[in-house]
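> Take this structure first; my questions come after.
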Number of protein chains: 2
Amino acid sequence: MNGSPLVIASNRGPVGFVRDESGDVVERRGVGGLVTAVGGAVRGREATWIAAPMTDEDRARIGTPTPVALHDDCTVNVHFADIAPDKYDSYYNEFSNRILWFLHHHLWNLARPPEFGDEQRAHFDAYREVNERFAEILAREATPGAIALPQDYHLSLVPGMVRARRDDLRMAMFWHIPFCPPDQIGVIGDWGPALLEGMLGADVVGFHTEWWAANFAACCNSVLGAKTTEDTVTHLGRTVRVAAYPIGVDIEGITAEAARPEVARAREDIDRIAGDRKLLLRVDRTELSKNILRGLMSYGAMLSRRPDLRGRVTHLVLLTPSRGDVPEYQEYTRACVARADAINARFGTPGWKPVTLEIEDDFARTLAAYQRYDVLLVNPVYDGMNLVAREGPVLNQRDGMLVLSANAGAAAELGEAALIVNPFDTRDTTMAIERALEMEPSERAKRAAELRKLAPGTPPREWLDRQIEDVSRA
Amino acid sequence: MNGSPLVIASNRGPVGFVRDESGDVVERRGVGGLVTAVGGAVRGREATWIAAPMTDEDRARIGTPTPVALHDDCTVNVHFADIAPDKYDSYYNEFSNRILWFLHHHLWNLARPPEFGDEQRAHFDAYREVNERFAEILAREATPGAIALPQDYHLSLVPGMVRARRDDLRMAMFWHIPFCPPDQIGVIGDWGPALLEGMLGADVVGFHTEWWAANFAACCNSVLGAKTTEDTVTHLGRTVRVAAYPIGVDIEGITAEAARPEVARAREDIDRIAGDRKLLLRVDRTELSKNILRGLMSYGAMLSRRPDLRGRVTHLVLLTPSRGDVPEYQEYTRACVARADAINARFGTPGWKPVTLEIEDDFARTLAAYQRYDVLLVNPVYDGMNLVAREGPVLNQRDGMLVLSANAGAAAELGEAALIVNPFDTRDTTMAIERALEMEPSERAKRAAELRKLAPGTPPREWLDRQIEDVSRA
């Protein structure tokens with residue numbers, strides 16, 4: 001394997017800094033799938049990591065790289081880019097999360113929003129500026145022979161900006177969310193070609209599935225007139241590898257987490273909620289793309305058509321708060337809570353609460369619930385990969401079944417063992433939940449064994465190594 | 001040219017029957033682009049036409065073909081299919097217009113609706129039943145050697161159903177609206193493969209542009225695993241031609257209409273509204289896909305940023321009522337009216353009303369407005385073809401400019417001469433309207449001449465002949 005130094009760029013860094021109650025500056029580990037995956041993958045390497053500052057203490061470190069011991073054998077140099085809070089809001093909350101996220105998850109009704117006027121143009125300008133800040137540091141800090149790894153939809157312009165400054169650098173960009181087809185990219189007008197050309201500054205552009213990779217290539221063809229093959233896009237004389245690198249689970253990490261005493265304590269509580277009933281579990285952020293509402297509708301429809309199942313199943317819905325300051329998210333979360341209440345009001349009895357919906361950030365509780373579920377429902381409208389669908393089967397102790405959306409990246413690898421559903425079809429979802437709850441023990445055991453085999457997938461370290469290997473050959 | 005008898009199947013027929021005030025049954029000509037186009041194209045041919053009954057008098061004719069003189073030289077035999085009103089509602093208003101229309105025009109926010117439950121399944125069952133009624137008559141009435149012409153998204157299952165009964169018949173299906181890409185077809189689940197396989201029962205499947213044809217082929221590949229080339233789809237051993245047949249304007253027909261005295265009278269009124277100001281015109285149905293709201297926003301933004309243009313332009317918005325019983329349409333129409341009122345309240349003066357918005361069905365007024373406009377705004381989010389963009393330049397008398405959405409089928413042929421806009425980008429649209437209003441006379445004259453040359457396109461008769469020619473060779 002290649003020993004080139006790595007320069008990672010991602011919106012959220014591996015650590016942040018805050019002042020605690022006594023006024024001391026303390027280091028706080030970054031959260032989220034990207035940081036966990038990439039952070040786990042840099043072990044034993046020399047790495048620089050460029051991130052956006054989130055706190056006053058992060059901002060105090062702008063211009064001064066901070067060495068951070070990420071593992072025993074790995075210290076990364078963290079650089080915070082010079083981004084003012086209002087610029088960050090415009091780049092992150094507005095352009096990245098209300099425009100790019102909505103575009104690639106098909107969350108717009110195109111008859112009404114999105115409106116792209118002066119306000120949105122200002123958000124794109126902020127996005128470009130922030131990408132410039134990242135690109136400047138990357139181009140400056142990367143030693144000759146280094147490999148640059150810009151991450152995700154927040155930084156799609158970075159590869160092109162770096163390419164313009166440092167043509168010698170090898171770059172692998174990874175895109176963690178779905179990618180829309182050509183019919184949709186036109187929705188964002190001139191920004192489409194800008195973003196595509198930005199990404200094509202890399203040598204390798206990676207996605208979690210062939211589906212998103214093919215959509216990206218088709219957009220390059222349709223919008224830029226680029227030439228494509230099965231795994232390349234050629235534009236303005238440069239050929240870029242465009243391929244799927246599906247990420248898996250950090251088994252050691254999650255197994256160690258699950259062995260902690262908090263998880264055992266949380267497990268007692270989960271056992272109390274479930275009792276001797278079957279446990280139908282959902283674990284998600286309060287996110288429009290996760291399809292929580294249709295999941296609840298499908299469960300309600302099952303209780304309605306199958307009175308014999310009432311009292312024999314409990315649905316636990318564990319939601320982590322997300323984007324609570326965006327009006328669409330507030331409204332959606334309210335609708336989910338109202339639907340859970342309605343199910344409890346209609347079907348509940350003194351001895352049985354059909355749905356327990358919790359909105360809090362409690363990872364130990366999630367891990368305990370993974371162990372105990374009989375059926376795990378993962379039905380996003382679209383999802384880059386979805387690690388819940390992988391982590392659940394890795395930790396589950398009851399031959400639990402997985403009901404999985406065909407539009408989650410994970411379906412490409414878990415499709416054989418999971419029960420695949422059309423996420424828009426509540427009837428289809430109802431029938432799959434029923435089937436999962438009532439599956440014969442022999443089929444259940446066989447599918448669960450298959451799930452345990454497939455769920456881990458490619459470990460994060462190997463996931464990154466494959467990209468590095470391909471970029472080294474490029 | 002081929003003299004084979006034709007069997008047309010379309011939701012709306014060339015005539016309907018009603019009882020007038022004195023109780024006599026009278027014939028009423030069918031309206032709408034499809035009926036006009038296909039009706040004009042059958043001149044001099046032997047034709048049978050199968051349609052859904054719309055009135056009690058239509059229903060009284062079920063089982064009894066009615067000969068109708070469509071032109072001096074053409075009598076068609078009209079068959080009304082046996083469809084009860086509640087079944088019609090389910091097939092037409094619900095499945096065709098609230099599911100298929102929304103799907104292919106990207107009118108859903110996928111995080112919320114569409115929900116596909118038992119109710120929607122019943123609508124699909126009705127759709128299938130109605131398609132069966134059409135297919136039965138078609139298979140029974142078509143003489144050997146006849147060519148079957150099922151029309152549009154209401155009847156996508158008909159070709160497959162006819163093929164199962166009469167493998168000897170040649171069939172050209174025409175799809176008048178946009179076709180969604182593979183990422184979207186999955187939204188309707190199992191119905192997707194059913195509809196695609198239904199359409200592939202034909203020998204030729206035609207669309208208004210290469211774009212929709214390519215999307216259809218890509219859906220067949222992705223959903224059915226069919227093999228595709230640039231203009232064919234091969235599935236289950238049959239190869240179907242999939243191609244673009246863009247329709248144009250019936251010049252003689254529309255010129256004759258425009259010469260009627262009602263148009264001259266309406267013209268006086270239009271001239272009074274416009275005065276010596278520039279006239280910005282929109283002509284549309286009150287339809288979500290037409291993007292009326294963003295058009296008004298763009299005009300309002302122009303008045304806001306260009307005070308010098310206030311009082312020098314009038315925006316006439318002529319809307320024909322459409323689908324007024326669908327809640328989404330009611331709400332959208334209200335929002336459009338409110339936006340027009342807001343512009344008038346903000347910018348209007350005693351001598352100048354910035355927007356005149358009319359909701360009524362007055363074709364003479366439309367034709368008069370076509371003659372008088374300086375700028376015609378046609379900015380649909382998606383549109384199969386859009387004949388307003390063609391009819392306007394054909395009748396216009398003032399070297400009027402056309403501001404045209406890149407997502408209208410008409411853009412494929414008129415793109416060189418029109419000012420093309422991204423329909424989602426209000427700023428882009430504002431700038432195009434400004435440019436069109438202020439264009440130098442020499443450029444204006446040159447573009448207008450080009451528009452007059454391109455706008456007519458392929459006459460309906462030739463449009464149908466091309467399909468018949470291709471199906472005869474199949």
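Residue numbers start at 1 in each chain; chains themselves are named A, B, ... in the order of the structure tokens; ligands are numbered from 1 in the order shown.
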Can you list every residue of chain B that has an atom at most 10 Å from chain A, with its nearest atom pair and the distance in Å to one decimal, using only C-alpha atoms, ordered by chain then number, as JSON lines?


{"residue": "B:Phe102", "atom": "CA", "partner": "A:Asn109", "partner_atom": "CA", "distance": 9.7}
{"residue": "B:His105", "atom": "CA", "partner": "A:Leu110", "partner_atom": "CA", "distance": 8.4}
{"residue": "B:His106", "atom": "CA", "partner": "A:Leu110", "partner_atom": "CA", "distance": 6.1}
{"residue": "B:Leu107", "atom": "CA", "partner": "A:Asn109", "partner_atom": "CA", "distance": 5.1}
{"residue": "B:Trp108", "atom": "CA", "partner": "A:Asn109", "partner_atom": "CA", "distance": 4.7}
{"residue": "B:Asn109", "atom": "CA", "partner": "A:Asn109", "partner_atom": "CA", "distance": 4.1}
{"residue": "B:Leu110", "atom": "CA", "partner": "A:Leu107", "partner_atom": "CA", "distance": 5.4}
{"residue": "B:Ala111", "atom": "CA", "partner": "A:Leu288", "partner_atom": "CA", "distance": 5.6}
{"residue": "B:Arg112", "atom": "CA", "partner": "A:Leu293", "partner_atom": "CA", "distance": 7.8}
{"residue": "B:Pro113", "atom": "CA", "partner": "A:Phe424", "partner_atom": "CA", "distance": 8.3}
{"residue": "B:Pro114", "atom": "CA", "partner": "A:Phe424", "partner_atom": "CA", "distance": 6.9}
{"residue": "B:Glu115", "atom": "CA", "partner": "A:Phe424", "partner_atom": "CA", "distance": 6.3}
{"residue": "B:Phe116", "atom": "CA", "partner": "A:Asp425", "partner_atom": "CA", "distance": 5.0}
{"residue": "B:Gly117", "atom": "CA", "partner": "A:Arg427", "partner_atom": "CA", "distance": 5.2}
{"residue": "B:Asp118", "atom": "CA", "partner": "A:Arg427", "partner_atom": "CA", "distance": 7.1}
{"residue": "B:Gln120", "atom": "CA", "partner": "A:Asp425", "partner_atom": "CA", "distance": 9.9}
{"residue": "B:Arg121", "atom": "CA", "partner": "A:Arg427", "partner_atom": "CA", "distance": 9.2}
{"residue": "B:Cys180", "atom": "CA", "partner": "A:Asp183", "partner_atom": "CA", "distance": 7.9}
{"residue": "B:Pro181", "atom": "CA", "partner": "A:Asp183", "partner_atom": "CA", "distance": 6.9}
{"residue": "B:Pro182", "atom": "CA", "partner": "A:Pro181", "partner_atom": "CA", "distance": 8.3}
{"residue": "B:Asp183", "atom": "CA", "partner": "A:Pro181", "partner_atom": "CA", "distance": 6.9}
{"residue": "B:Gln184", "atom": "CA", "partner": "A:His106", "partner_atom": "CA", "distance": 9.1}
{"residue": "B:Gly186", "atom": "CA", "partner": "A:Asn422", "partner_atom": "CA", "distance": 7.5}
{"residue": "B:Val187", "atom": "CA", "partner": "A:Phe424", "partner_atom": "CA", "distance": 6.0}
{"residue": "B:Ile188", "atom": "CA", "partner": "A:Phe424", "partner_atom": "CA", "distance": 7.4}
{"residue": "B:Gly189", "atom": "CA", "partner": "A:Asn422", "partner_atom": "CA", "distance": 6.1}
{"residue": "B:Asp190", "atom": "CA", "partner": "A:Asn422", "partner_atom": "CA", "distance": 8.8}
{"residue": "B:Trp211", "atom": "CA", "partner": "A:Asp183", "partner_atom": "CA", "distance": 9.2}
{"residue": "B:Asn215", "atom": "CA", "partner": "A:Asp183", "partner_atom": "CA", "distance": 9.0}
{"residue": "B:Glu287", "atom": "CA", "partner": "A:Ala111", "partner_atom": "CA", "distance": 9.3}
{"residue": "B:Leu288", "atom": "CA", "partner": "A:Ala111", "partner_atom": "CA", "distance": 5.6}
{"residue": "B:Ser289", "atom": "CA", "partner": "A:Ala111", "partner_atom": "CA", "distance": 6.0}
{"residue": "B:Lys290", "atom": "CA", "partner": "A:Ala111", "partner_atom": "CA", "distance": 8.1}
{"residue": "B:Asn291", "atom": "CA", "partner": "A:Ala111", "partner_atom": "CA", "distance": 6.4}
{"residue": "B:Ile292", "atom": "CA", "partner": "A:Ala111", "partner_atom": "CA", "distance": 9.2}
{"residue": "B:Leu293", "atom": "CA", "partner": "A:Arg112", "partner_atom": "CA", "distance": 7.8}
{"residue": "B:Arg294", "atom": "CA", "partner": "A:Glu115", "partner_atom": "CA", "distance": 7.6}
{"residue": "B:Met297", "atom": "CA", "partner": "A:Glu115", "partner_atom": "CA", "distance": 9.3}
{"residue": "B:Ser298", "atom": "CA", "partner": "A:Gly117", "partner_atom": "CA", "distance": 9.0}
{"residue": "B:Ala301", "atom": "CA", "partner": "A:Gly117", "partner_atom": "CA", "distance": 9.1}
{"residue": "B:Tyr332", "atom": "CA", "partner": "A:Arg112", "partner_atom": "CA", "distance": 8.6}
{"residue": "B:Pro380", "atom": "CA", "partner": "A:Ala111", "partner_atom": "CA", "distance": 9.1}
{"residue": "B:Val381", "atom": "CA", "partner": "A:Ala111", "partner_atom": "CA", "distance": 6.9}
{"residue": "B:Tyr382", "atom": "CA", "partner": "A:Leu110", "partner_atom": "CA", "distance": 9.4}
{"residue": "B:Ala406", "atom": "CA", "partner": "A:Gly186", "partner_atom": "CA", "distance": 9.1}
{"residue": "B:Asn407", "atom": "CA", "partner": "A:Gly186", "partner_atom": "CA", "distance": 8.9}
{"residue": "B:Val421", "atom": "CA", "partner": "A:Gly189", "partner_atom": "CA", "distance": 9.1}
{"residue": "B:Asn422", "atom": "CA", "partner": "A:Gly189", "partner_atom": "CA", "distance": 6.0}
{"residue": "B:Pro423", "atom": "CA", "partner": "A:Val187", "partner_atom": "CA", "distance": 7.9}
{"residue": "B:Phe424", "atom": "CA", "partner": "A:Val187", "partner_atom": "CA", "distance": 5.9}
{"residue": "B:Asp425", "atom": "CA", "partner": "A:Phe116", "partner_atom": "CA", "distance": 4.9}
{"residue": "B:Thr426", "atom": "CA", "partner": "A:Gly117", "partner_atom": "CA", "distance": 5.7}
{"residue": "B:Arg427", "atom": "CA", "partner": "A:Gly117", "partner_atom": "CA", "distance": 5.3}
{"residue": "B:Asp428", "atom": "CA", "partner": "A:Gly117", "partner_atom": "CA", "distance": 8.5}
{"residue": "B:Thr429", "atom": "CA", "partner": "A:Gly117", "partner_atom": "CA", "distance": 9.9}
{"residue": "B:Thr430", "atom": "CA", "partner": "A:Gly117", "partner_atom": "CA", "distance": 9.6}

> Report as a list in words all protein, DNA and RNA residues lying within 10 Å of Arg140 in chain B, evaluated on only C-alpha atoms, omitting residues in the same chain fewer than 4 positions from it.

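The filter keeps Ala135, Glu136, Val162, Arg165 and Arg166 of chain B.
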
> Skipping near chain neighbours, those fewer than 4 positions away, what residues fall within 10 Å of Glu27 in chain B using only C-alpha atoms, listed as a list in words?

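My reading of the contact set: Val15, Gly16, Phe17, Val18, Arg19, Asp20, Glu57, Asp58 and Val68 of chain B.
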
> Set the distance at 12 Å and use only C-alpha atoms: which residues neighbour Asp250 in chain A once local chain neighbours fewer than 5 positions away are removed? I'd like the list as an mmCIF file with all heavy atoms, in the first residue's frame.


data_model
loop_
_atom_site.group_PDB
_atom_site.id
_atom_site.type_symbol
_atom_site.label_atom_id
_atom_site.label_comp_id
_atom_site.auth_asym_id
_atom_site.auth_seq_id
_atom_site.Cartn_x
_atom_site.Cartn_y
_atom_site.Cartn_z
ATOM 1 N N GLY A 33 -20.812 10.099 10.155
ATOM 2 C CA GLY A 33 -20.274 8.943 9.441
ATOM 3 C C GLY A 33 -18.983 9.244 8.710
ATOM 4 O O GLY A 33 -18.042 8.451 8.743
ATOM 5 N N LEU A 34 -18.906 10.431 8.092
ATOM 6 C CA LEU A 34 -17.741 10.758 7.293
ATOM 7 C C LEU A 34 -16.489 10.825 8.165
ATOM 8 O O LEU A 34 -15.461 10.222 7.843
ATOM 9 C CB LEU A 34 -17.980 12.093 6.588
ATOM 10 C CG LEU A 34 -16.951 12.558 5.573
ATOM 11 C CD1 LEU A 34 -17.602 13.478 4.553
ATOM 12 C CD2 LEU A 34 -15.767 13.263 6.227
ATOM 13 N N THR A 36 -15.977 9.562 11.125
ATOM 14 C CA THR A 36 -15.657 8.254 11.673
ATOM 15 C C THR A 36 -14.948 7.394 10.632
ATOM 16 O O THR A 36 -13.916 6.771 10.905
ATOM 17 C CB THR A 36 -16.952 7.548 12.124
ATOM 18 O OG1 THR A 36 -17.672 8.448 12.963
ATOM 19 C CG2 THR A 36 -16.646 6.276 12.883
ATOM 20 N N ALA A 37 -15.490 7.395 9.419
ATOM 21 C CA ALA A 37 -14.932 6.547 8.370
ATOM 22 C C ALA A 37 -13.535 7.008 7.973
ATOM 23 O O ALA A 37 -12.576 6.228 7.995
ATOM 24 C CB ALA A 37 -15.850 6.557 7.148
ATOM 25 N N VAL A 38 -13.416 8.273 7.618
ATOM 26 C CA VAL A 38 -12.117 8.772 7.150
ATOM 27 C C VAL A 38 -11.118 8.783 8.310
ATOM 28 O O VAL A 38 -9.949 8.439 8.141
ATOM 29 C CB VAL A 38 -12.263 10.164 6.494
ATOM 30 C CG1 VAL A 38 -10.919 10.686 6.026
ATOM 31 C CG2 VAL A 38 -13.244 10.095 5.324
ATOM 32 N N GLY A 39 -11.614 9.150 9.498
ATOM 33 C CA GLY A 39 -10.737 9.167 10.675
ATOM 34 C C GLY A 39 -10.171 7.791 10.967
ATOM 35 O O GLY A 39 -9.001 7.648 11.325
ATOM 36 N N GLY A 40 -11.000 6.763 10.801
ATOM 37 C CA GLY A 40 -10.533 5.396 11.044
ATOM 38 C C GLY A 40 -9.560 4.942 9.973
ATOM 39 O O GLY A 40 -8.708 4.076 10.206
ATOM 40 N N ALA A 41 -9.671 5.534 8.817
ATOM 41 C CA ALA A 41 -8.893 5.050 7.677
ATOM 42 C C ALA A 41 -7.484 5.632 7.611
ATOM 43 O O ALA A 41 -6.654 5.142 6.850
ATOM 44 C CB ALA A 41 -9.644 5.353 6.374
ATOM 45 N N THR A 255 -18.043 -2.673 17.779
ATOM 46 C CA THR A 255 -18.131 -3.761 18.756
ATOM 47 C C THR A 255 -17.633 -3.283 20.120
ATOM 48 O O THR A 255 -18.231 -3.581 21.161
ATOM 49 C CB THR A 255 -17.298 -4.973 18.270
ATOM 50 O OG1 THR A 255 -17.689 -5.268 16.929
ATOM 51 C CG2 THR A 255 -17.539 -6.190 19.145
ATOM 52 N N ALA A 256 -16.558 -2.520 20.098
ATOM 53 C CA ALA A 256 -16.033 -1.968 21.356
ATOM 54 C C ALA A 256 -17.058 -1.030 21.995
ATOM 55 O O ALA A 256 -17.312 -1.085 23.208
ATOM 56 C CB ALA A 256 -14.714 -1.238 21.095
ATOM 57 N N GLU A 257 -17.665 -0.174 21.165
ATOM 58 C CA GLU A 257 -18.699 0.741 21.683
ATOM 59 C C GLU A 257 -19.834 -0.033 22.330
ATOM 60 O O GLU A 257 -20.340 0.329 23.395
ATOM 61 C CB GLU A 257 -19.278 1.577 20.526
ATOM 62 C CG GLU A 257 -18.444 2.748 20.081
ATOM 63 C CD GLU A 257 -18.511 3.931 21.049
ATOM 64 O OE1 GLU A 257 -19.476 4.007 21.835
ATOM 65 O OE2 GLU A 257 -17.573 4.747 21.027
ATOM 66 N N LEU A 387 -25.729 3.625 6.887
ATOM 67 C CA LEU A 387 -24.946 2.720 7.727
ATOM 68 C C LEU A 387 -25.791 2.022 8.797
ATOM 69 O O LEU A 387 -25.376 0.997 9.324
ATOM 70 C CB LEU A 387 -23.760 3.453 8.347
ATOM 71 C CG LEU A 387 -22.604 3.702 7.349
ATOM 72 C CD1 LEU A 387 -21.471 4.482 8.008
ATOM 73 C CD2 LEU A 387 -22.070 2.388 6.762
ATOM 74 N N ARG A 390 -26.321 -1.436 7.961
ATOM 75 C CA ARG A 390 -25.166 -2.312 8.138
ATOM 76 C C ARG A 390 -24.884 -2.554 9.620
ATOM 77 O O ARG A 390 -24.596 -3.668 10.038
ATOM 78 C CB ARG A 390 -23.921 -1.673 7.509
ATOM 79 C CG ARG A 390 -23.967 -1.598 5.989
ATOM 80 C CD ARG A 390 -22.607 -1.126 5.483
ATOM 81 N NE ARG A 390 -22.493 -1.094 4.052
ATOM 82 C CZ ARG A 390 -22.261 -2.144 3.269
ATOM 83 N NH1 ARG A 390 -22.126 -3.347 3.790
ATOM 84 N NH2 ARG A 390 -22.151 -2.002 1.967
ATOM 85 N N GLU A 391 -24.957 -1.480 10.428
ATOM 86 C CA GLU A 391 -24.610 -1.613 11.842
ATOM 87 C C GLU A 391 -25.605 -2.505 12.581
ATOM 88 O O GLU A 391 -25.226 -3.287 13.455
ATOM 89 C CB GLU A 391 -24.595 -0.230 12.512
ATOM 90 C CG GLU A 391 -23.447 0.655 12.044
ATOM 91 C CD GLU A 391 -23.605 2.118 12.481
ATOM 92 O OE1 GLU A 391 -24.663 2.456 13.070
ATOM 93 O OE2 GLU A 391 -22.684 2.891 12.225
ATOM 94 N N VAL A 394 -24.926 -6.186 12.202
ATOM 95 C CA VAL A 394 -23.647 -6.538 12.831
ATOM 96 C C VAL A 394 -23.837 -6.780 14.331
ATOM 97 O O VAL A 394 -23.226 -7.673 14.904
ATOM 98 C CB VAL A 394 -22.600 -5.425 12.568
ATOM 99 C CG1 VAL A 394 -21.426 -5.530 13.524
ATOM 100 C CG2 VAL A 394 -22.133 -5.462 11.113
ATOM 101 N N LEU A 395 -24.706 -5.996 14.967
ATOM 102 C CA LEU A 395 -24.846 -6.089 16.425
ATOM 103 C C LEU A 395 -26.064 -6.892 16.879
ATOM 104 O O LEU A 395 -26.153 -7.268 18.041
ATOM 105 C CB LEU A 395 -24.930 -4.684 17.030
ATOM 106 C CG LEU A 395 -23.661 -3.828 16.921
ATOM 107 C CD1 LEU A 395 -23.880 -2.487 17.610
ATOM 108 C CD2 LEU A 395 -22.448 -4.541 17.523
ATOM 109 N N ALA A 455 -23.351 -7.583 5.866
ATOM 110 C CA ALA A 455 -23.484 -6.247 6.446
ATOM 111 C C ALA A 455 -22.156 -5.514 6.674
ATOM 112 O O ALA A 455 -22.081 -4.311 6.420
ATOM 113 C CB ALA A 455 -24.294 -6.312 7.736
ATOM 114 N N PRO A 456 -21.112 -6.194 7.135
ATOM 115 C CA PRO A 456 -19.877 -5.430 7.401
ATOM 116 C C PRO A 456 -19.332 -4.742 6.157
ATOM 117 O O PRO A 456 -18.855 -3.611 6.231
ATOM 118 C CB PRO A 456 -18.906 -6.499 7.912
ATOM 119 C CG PRO A 456 -19.789 -7.582 8.442
ATOM 120 C CD PRO A 456 -21.000 -7.599 7.546
ATOM 121 N N GLY A 457 -19.354 -5.401 5.017
ATOM 122 C CA GLY A 457 -18.852 -4.775 3.782
ATOM 123 C C GLY A 457 -17.378 -4.422 3.882
ATOM 124 O O GLY A 457 -16.624 -5.006 4.657
ATOM 125 N N THR A 458 -16.995 -3.452 3.094
ATOM 126 C CA THR A 458 -15.587 -3.044 3.037
ATOM 127 C C THR A 458 -15.250 -2.156 4.239
ATOM 128 O O THR A 458 -15.845 -1.089 4.402
ATOM 129 C CB THR A 458 -15.327 -2.233 1.755
ATOM 130 O OG1 THR A 458 -15.862 -2.955 0.650
ATOM 131 C CG2 THR A 458 -13.848 -1.988 1.557
ATOM 132 N N PRO A 459 -14.278 -2.550 5.075
ATOM 133 C CA PRO A 459 -13.918 -1.698 6.223
ATOM 134 C C PRO A 459 -13.439 -0.333 5.738
ATOM 135 O O PRO A 459 -12.827 -0.235 4.663
ATOM 136 C CB PRO A 459 -12.768 -2.465 6.893
ATOM 137 C CG PRO A 459 -12.829 -3.849 6.347
ATOM 138 C CD PRO A 459 -13.461 -3.763 4.992
ATOM 139 N N PRO A 460 -13.693 0.722 6.527
ATOM 140 C CA PRO A 460 -13.332 2.082 6.099
ATOM 141 C C PRO A 460 -11.890 2.218 5.639
ATOM 142 O O PRO A 460 -11.604 2.907 4.660
ATOM 143 C CB PRO A 460 -13.588 2.921 7.361
ATOM 144 C CG PRO A 460 -14.648 2.178 8.089
ATOM 145 C CD PRO A 460 -14.413 0.721 7.806
ATOM 146 N N ARG A 461 -10.973 1.543 6.336
ATOM 147 C CA ARG A 461 -9.569 1.644 5.956
ATOM 148 C C ARG A 461 -9.354 1.137 4.534
ATOM 149 O O ARG A 461 -8.688 1.763 3.715
ATOM 150 C CB ARG A 461 -8.722 0.832 6.959
ATOM 151 C CG ARG A 461 -7.276 0.656 6.573
ATOM 152 C CD ARG A 461 -6.591 2.015 6.551
ATOM 153 N NE ARG A 461 -5.276 1.927 5.972
ATOM 154 C CZ ARG A 461 -4.155 2.257 6.587
ATOM 155 N NH1 ARG A 461 -4.197 2.715 7.822
ATOM 156 N NH2 ARG A 461 -2.999 2.152 5.995
ATOM 157 N N GLU A 462 -9.956 -0.015 4.251
ATOM 158 C CA GLU A 462 -9.806 -0.604 2.935
ATOM 159 C C GLU A 462 -10.541 0.238 1.888
ATOM 160 O O GLU A 462 -10.090 0.382 0.739
ATOM 161 C CB GLU A 462 -10.376 -2.024 2.967
ATOM 162 C CG GLU A 462 -9.914 -2.876 1.815
ATOM 163 C CD GLU A 462 -10.545 -4.266 1.883
ATOM 164 O OE1 GLU A 462 -10.681 -4.825 2.994
ATOM 165 O OE2 GLU A 462 -10.940 -4.769 0.806
ATOM 166 N N TRP A 463 -11.678 0.791 2.288
ATOM 167 C CA TRP A 463 -12.460 1.683 1.404
ATOM 168 C C TRP A 463 -11.590 2.844 0.924
ATOM 169 O O TRP A 463 -11.543 3.166 -0.262
ATOM 170 C CB TRP A 463 -13.671 2.172 2.200
ATOM 171 C CG TRP A 463 -14.405 3.351 1.643
ATOM 172 C CD1 TRP A 463 -15.312 3.343 0.614
ATOM 173 C CD2 TRP A 463 -14.326 4.707 2.105
ATOM 174 N NE1 TRP A 463 -15.792 4.616 0.411
ATOM 175 C CE2 TRP A 463 -15.208 5.473 1.312
ATOM 176 C CE3 TRP A 463 -13.618 5.360 3.113
ATOM 177 C CZ2 TRP A 463 -15.383 6.857 1.496
ATOM 178 C CZ3 TRP A 463 -13.784 6.722 3.294
ATOM 179 C CH2 TRP A 463 -14.656 7.453 2.500
#

> Out of A:Ala264, A:Ala60, A:Leu155, A:Ala51, which residue has the shortest atom-to-atom distance to Ser96 in chain A when counting only C-alpha atoms?

A:Leu155

> Using DSSP on the backbone coordinates, identify all residues within range 243-465 of chain A classified as alpha helix (DSSP H); present the result as a PyMOL selection string.

chain A and resi 251-258+261-274+292-305+327-347+363-372+388-395+411-414+426-437+441-454+460-465

> Per DSSP on the backbone, what are the strand (DSSP E or B) residues of range 342-424 of chain A, as a list in words?

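Listing strand (DSSP E or B) positions across range 342-424 of chain A yields Thr349, Trp352, Val355, Thr356, Leu357, Glu358, Ile359, Val375, Leu376, Leu377, Val378, Asp383, Met401, Leu402, Val403, Leu404, Ser405, Ala408, Leu419, Ile420 and Val421 of chain A.
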
> Just to be explicit: take each residue in the selection above, keep C-alpha atoms, and write the result as a short mmCIF file (atom, residue, chain, number, x, y, z; two decimals), in the first residue's frame.


data_model
loop_
_atom_site.label_atom_id
_atom_site.label_comp_id
_atom_site.auth_asym_id
_atom_site.auth_seq_id
_atom_site.Cartn_x
_atom_site.Cartn_y
_atom_site.Cartn_z
CA THR A 349 -54.54 -0.26 25.22
CA TRP A 352 -49.71 -1.73 25.19
CA VAL A 355 -45.28 3.27 19.05
CA THR A 356 -42.56 4.75 21.24
CA LEU A 357 -41.01 7.70 19.40
CA GLU A 358 -37.99 9.38 20.98
CA ILE A 359 -36.11 12.40 19.69
CA VAL A 375 -37.24 -6.18 12.50
CA LEU A 376 -35.21 -3.12 11.49
CA LEU A 377 -36.96 -0.69 9.14
CA VAL A 378 -34.68 1.37 6.88
CA ASP A 383 -29.76 7.52 0.62
CA MET A 401 -34.77 -9.09 9.74
CA LEU A 402 -33.97 -6.00 7.71
CA VAL A 403 -36.65 -4.20 5.67
CA LEU A 404 -34.62 -2.01 3.31
CA SER A 405 -35.41 0.66 0.71
CA ALA A 408 -30.55 3.14 -0.22
CA LEU A 419 -36.53 -7.59 2.29
CA ILE A 420 -36.35 -4.83 -0.31
CA VAL A 421 -39.18 -2.30 -0.53
#
